[in-house]
Amino acid sequence: MATALDALADLLDAIHDPEATSWTAADRTSTDRFCVGSAQIDVLRAAAESVRAASHAPARPTRTASQRALDLQDGRVLLLVEQIVRAFRQAHRASTAIAMPDLKQIGWKFSSRSGKRAKKAAKAPPATIITPRRASELEVAQAALAAANKAVAEASATVAALESKGA
């Protein structure tokens, strides 16, 4: 945990470094929008140190928590998750290669849908009958899709290999 906090602080420090060539002004603006500046970097580093110190301290007896305290912590966590989801949405809009996180049961809280459901059609569309010709076309389309997926996987592996070499 301490290593992750330090790594996050280093990343944010690199983004805010004016001499860094790999980060743009838009990246700096995005971090400013989420109020992540030098003060938060210092807080992350202090938190990493406290985690390291706590890992050496003996365990303390547990204490009970009130429902109000638990609800307050839940609200804080949801606020942080909302900020992270907004950051992922912004990154996904910039590049579709960045996947949106799967939020499972709490995904509905962060959905951008209006909540209105479309009216059901009064009549179901007629079922399509798959003839041998259509089945053949379907198999050809599925084969083409499989070939395209294989080409994408190979290209992704090549890009990953080149990035790891620093090219």
# chains A, B, ... in the order shown; residues from 1 in each chain; ligands from 1
>>> select_by_dssp(residues="stretch 22-155 of chain A", states="alpha helix (DSSP H)", output="ChimeraX atom specification")
/A:25-33,38-56,67-94,132-155
>>> atom_distance(atom1="atom CA of A:Ala48", atom2="atom CA of A:Ala4")
8.2 Å
>>> closest_residue(among="A:Pro18, A:Glu139, A:Ala91, A:Glu82", to="A:Ser111", atoms="only C-alpha atoms")
A:Glu82
>>> residues_around(residues="A:Arg89", least_positions_apart="4", cutoff="12 Å", atoms="only C-alpha atoms", output="VMD selection string")
chain A and resid 82 to 85 93 to 101 110 to 112
>>> residues_around(residues="A:Glu49", least_positions_apart="3", cutoff="12 Å", atoms="only C-alpha atoms", output="list in words")
Met1, Ala2, Thr3, Ala4, Leu5, Asp6, Asp42, Val43, Leu44, Arg45, Ala46, Arg52, Ala53, Ala54, Ser55 and His56 of chain A
>>> write_last_selection(atoms="C-alpha atoms", output="short mmCIF file (atom, residue, chain, number, x, y, z; two decimals), in the first residue's frame")
data_model
loop_
_atom_site.label_atom_id
_atom_site.label_comp_id
_atom_site.auth_asym_id
_atom_site.auth_seq_id
_atom_site.Cartn_x
_atom_site.Cartn_y
_atom_site.Cartn_z
CA MET A 1 0.00 0.00 0.00
CA ALA A 2 2.81 2.40 0.87
CA THR A 3 4.57 1.63 -2.40
CA ALA A 4 1.37 2.32 -4.34
CA LEU A 5 0.87 5.64 -2.54
CA ASP A 6 4.47 6.63 -3.31
CA ASP A 42 2.59 15.77 0.14
CA VAL A 43 -0.46 14.15 1.77
CA LEU A 44 0.08 10.97 -0.30
CA ARG A 45 3.73 10.80 0.72
CA ALA A 46 2.80 11.34 4.39
CA ARG A 52 4.90 1.99 6.73
CA ALA A 53 4.95 3.02 10.39
CA ALA A 54 1.63 1.29 11.07
CA SER A 55 2.88 -1.94 9.56
CA HIS A 56 5.51 -2.12 12.29
#
>>> atom_distance(atom1="atom CA of A:Leu8", atom2="atom CA of A:Leu79")
18.9 Å
>>> atom_distance(atom1="atom CA of A:Arg28", atom2="atom CA of A:Leu103")
26.7 Å
>>> residues_around(residues="A:Arg33", least_positions_apart="5", cutoff="12 Å", atoms="only C-alpha atoms", output="list of chain:residue names")
A:Ala26, A:Asp27, A:Arg28, A:Gln83, A:Arg86, A:Ala87, A:Gln90
